[in-house]
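One structure below.
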Amino acid sequence: WQFNSRADGNTQGSCADRRFFEALNADGGPFLTRLAELHPICIVYILCSLQQAFCVVNAVFNEAGRFLAGRCSQLDRDSLGRLPWAFAAANVQHPGLFHIIGQECIRRCNLKESELSLSPRACQDLFFAYSRAKIYDKALVETLLLRVVSLFDADPSKPTIQDEAICAATTDRRGRSVQPTPFRLGWLVAICRALVQLRHSDREFFEDVADFAMFCLSGTREAVDRFIGNASATLPQIAVLYVRAQVFRPDFFDALKDAAVRRKHMMREKDLKDLWQALQEQRRDEEKEERKRMGPAPRKRGAMGRAIIEEA
C-alpha cells in the first residue's frame, strides 16, 4: 500500500491511486472495521500511507490512535518512531497518544540493548514528530538526547552499525539480520531543529553533535558523501541552526565551509549564499561574545536606578 503521492495529484507509478485510500477511510470501510484483525505495525504504516496520499481524515486517525495507544509495546522500533511521525505530518492532534509513546520510548531506553532499542532513524522521527506537534516532554527529550549521544559511538565510516552493543540489529520477516544505519547529517539537522523549535537549550548536546559531525567529515570521500547526503540542504541548514541556537564553534563552521567548497559544483547558488551568511553571522556573534568577556564589568545599580559609585 505504499503510495508515491505528488502535490499535483499525479499518481503515475504508484501502487494504488487515491480512490483506494479514500475507500479505506470511508464510513464502514475495511480499515476501521477490521482494526482488531491488523497487527499494530501494519496499522502504523497504513496511517503513513494515508498521510502521504493526502487522504487524512481526523476521525480515522483518532480511532486508530485510540486502538494503538494500548499496544505501543507491540511496535518495533521503526514503527514506534513512525507512529507519531504520521500524526504530526498529518497535523492530527492526539496528545494522549504522544504521552503514551513517550513513556514507551523512555521505558525502552532504560532496558538492556535489544532489537527494540531506538535506532538513529527512530530518534530522528521522534524529534521531528514532537516538535511538529508542539509537544514538549522534557523527560522524553533528555532521555532521547542521551540515546542519541550513545549512538555517536558507532563507526560512521561504515554504512551500517555493526557493533550490536551500541545498537542491536533487527530481524526481517525472512529471518535475515538487518543492521541499523548510523546517523546522517540530515537526521542531525532534524534533531537540532526540533530542539530549537521546542526551545530546549542544551549547549552540551550541540557541542557533541559538532564533534561527531567533524569526525564524520574527516573520513573518506565515500563516507563523507554518505554522511552529508544532499549538501544543498544539510550544510546550510545545520549552520543556520547553530546560529539560531547561539552555539559558536569556529572549528565546526570551518569544517562545514571546507565541505561546501569541495561540493560547490553540486550546490545551488542560493544554498551557498545561505551557508556563507550563516558563517558571517556566526563570526559576528562570536566577536560579540568575545568583547563581552574582555570588556569591563557591568556597573552595579543602586536603589531607584542610581549607580553605585565605587571608591578608588
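Letters A, B, ... go to the chains of the C-alpha cells in the order shown; residues in each chain start at 1; ligands are counted from 1 in the same order.
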
Run DSSP on the backbone of this structure and report the residues of region 95-221 of chain A it assigns to strand (DSSP E), as a list in words.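 Selection result, strand (DSSP E) within region 95-221 of chain A: Thr170, Thr171, Ser177 and Val178 of chain A.
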
Quick one: write out the picked residues with C-alpha atoms as a compact mmCIF listing (two decimals), in the first residue's frame?
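Now in again.txt:
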```txt
# COMPACT_ATOMS: atom_id res chain seq x y z
CA THR A 170 16.67 -6.43 13.97
CA THR A 171 15.34 -9.40 12.02
CA SER A 177 19.60 -9.70 10.23
CA VAL A 178 19.04 -6.01 9.48
```

Who sits within 10 Å of Ala69 (chain A), only C-alpha atoms, same chain under 6 positions skipped, as a list in words: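 Listed by chain and then number, they are Pro40, Glu63, Gly96, Leu97, Phe98, His99, Ile100 and Ile101 of chain A.
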
Shell around Ala122 (chain A) at 8 Å using only C-alpha atoms, local window under 3 positions removed, as a ChimeraX atom specification: /A:77-78,80-82,118-119,125-126

Neighbour list for Gln51 (chain A) as a list in words, cut-off 9 Å, only C-alpha atoms, skip fewer than 2 positions in-chain: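 Those residues are Ile46, Leu47, Cys48, Ser49, Ala53, Phe54, Cys55, Val56, Ala86, Phe87, Ala89 and Ala90 of chain A.
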
Which residues of region 166-201 of chain A come within 12 Å of region 232-245 of chain A, and for each one, what is the closest pair of atoms and their distance in Å to one decimal, counting only C-alpha atoms, sorted by chain and residue number, as a Markdown table?
```
| residue | atom | partner | partner_atom | distance |
| --- | --- | --- | --- | --- |
| A:Arg184 | CA | A:Thr234 | CA | 9.5 |
| A:Leu185 | CA | A:Thr234 | CA | 6.4 |
| A:Gly186 | CA | A:Thr234 | CA | 5.6 |
| A:Trp187 | CA | A:Thr234 | CA | 9.1 |
| A:Leu188 | CA | A:Ile238 | CA | 8.0 |
| A:Val189 | CA | A:Ile238 | CA | 5.5 |
| A:Ala190 | CA | A:Ile238 | CA | 9.0 |
| A:Ile191 | CA | A:Ile238 | CA | 10.2 |
| A:Cys192 | CA | A:Leu241 | CA | 6.8 |
| A:Arg193 | CA | A:Leu241 | CA | 6.4 |
| A:Ala194 | CA | A:Leu241 | CA | 9.9 |
| A:Leu195 | CA | A:Ala245 | CA | 8.7 |
| A:Val196 | CA | A:Ala245 | CA | 6.4 |
| A:Gln197 | CA | A:Ala245 | CA | 9.9 |
| A:Leu198 | CA | A:Ala245 | CA | 11.3 |
| A:Arg199 | CA | A:Ala245 | CA | 8.9 |
| A:His200 | CA | A:Ala245 | CA | 9.6 |
| A:Ser201 | CA | A:Ala245 | CA | 7.7 |
```

Deliver the residues from the most recent selection as a file, using N, CA and C atoms, as an mmCIF file, in the first residue's frame.
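selection37.cif was written with the following content:
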```
data_model
loop_
_atom_site.group_PDB
_atom_site.id
_atom_site.type_symbol
_atom_site.label_atom_id
_atom_site.label_comp_id
_atom_site.auth_asym_id
_atom_site.auth_seq_id
_atom_site.Cartn_x
_atom_site.Cartn_y
_atom_site.Cartn_z
ATOM 1 N N ARG A 184 23.024 10.235 9.903
ATOM 2 C CA ARG A 184 23.349 11.064 8.756
ATOM 3 C C ARG A 184 23.178 12.527 9.164
ATOM 4 N N LEU A 185 23.825 13.416 8.432
ATOM 5 C CA LEU A 185 23.745 14.837 8.784
ATOM 6 C C LEU A 185 22.307 15.340 8.713
ATOM 7 N N GLY A 186 21.537 14.853 7.747
ATOM 8 C CA GLY A 186 20.140 15.276 7.638
ATOM 9 C C GLY A 186 19.329 14.926 8.869
ATOM 10 N N TRP A 187 19.615 13.784 9.477
ATOM 11 C CA TRP A 187 18.903 13.394 10.694
ATOM 12 C C TRP A 187 19.307 14.285 11.864
ATOM 13 N N LEU A 188 20.590 14.653 11.923
ATOM 14 C CA LEU A 188 21.043 15.558 12.976
ATOM 15 C C LEU A 188 20.445 16.946 12.798
ATOM 16 N N VAL A 189 20.257 17.368 11.548
ATOM 17 C CA VAL A 189 19.576 18.635 11.274
ATOM 18 C C VAL A 189 18.170 18.598 11.864
ATOM 19 N N ALA A 190 17.449 17.492 11.631
ATOM 20 C CA ALA A 190 16.079 17.369 12.140
ATOM 21 C C ALA A 190 16.047 17.426 13.666
ATOM 22 N N ILE A 191 17.012 16.788 14.319
ATOM 23 C CA ILE A 191 17.043 16.772 15.779
ATOM 24 C C ILE A 191 17.378 18.164 16.321
ATOM 25 N N CYS A 192 18.393 18.817 15.741
ATOM 26 C CA CYS A 192 18.757 20.162 16.202
ATOM 27 C C CYS A 192 17.634 21.157 15.945
ATOM 28 N N ARG A 193 16.949 21.020 14.815
ATOM 29 C CA ARG A 193 15.821 21.908 14.530
ATOM 30 C C ARG A 193 14.713 21.702 15.566
ATOM 31 N N ALA A 194 14.468 20.452 15.928
ATOM 32 C CA ALA A 194 13.438 20.171 16.929
ATOM 33 C C ALA A 194 13.784 20.823 18.262
ATOM 34 N N LEU A 195 15.051 20.752 18.671
ATOM 35 C CA LEU A 195 15.458 21.363 19.940
ATOM 36 C C LEU A 195 15.276 22.879 19.910
ATOM 37 N N VAL A 196 15.604 23.482 18.769
ATOM 38 C CA VAL A 196 15.413 24.933 18.637
ATOM 39 C C VAL A 196 13.933 25.275 18.694
ATOM 40 N N GLN A 197 13.112 24.507 17.978
ATOM 41 C CA GLN A 197 11.675 24.791 17.952
ATOM 42 C C GLN A 197 11.019 24.556 19.305
ATOM 43 N N LEU A 198 11.497 23.547 20.038
ATOM 44 C CA LEU A 198 10.949 23.259 21.361
ATOM 45 C C LEU A 198 11.565 24.141 22.449
ATOM 46 N N ARG A 199 12.554 24.963 22.043
ATOM 47 C CA ARG A 199 13.246 25.861 22.963
ATOM 48 C C ARG A 199 13.891 25.092 24.116
ATOM 49 N N HIS A 200 14.433 23.958 23.764
ATOM 50 C CA HIS A 200 15.162 23.159 24.755
ATOM 51 C C HIS A 200 16.643 23.486 24.606
ATOM 52 N N SER A 201 17.153 24.265 25.519
ATOM 53 C CA SER A 201 18.543 24.711 25.453
ATOM 54 C C SER A 201 19.459 23.634 26.008
#
```

Expressed in Å, the length from CA of Gln162 (chain A) to CA of Leu116 (chain A) is 16.1 Å

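Minimum distance to Asp163 (chain A) across A:Gln179, A:Ser150, A:Thr143, A:Gln282 (counting only C-alpha atoms) occurs at A:Gln179.
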
From a DSSP pass on the backbone, collect the residues of region 45-237 of chain A flagged as alpha helix (DSSP H) and hand them back as a PyMOL selection string. chain A and resi 45-52+58-69+77-89+95-109+120-132+138-151+185-197+203-217+221-228+231-237
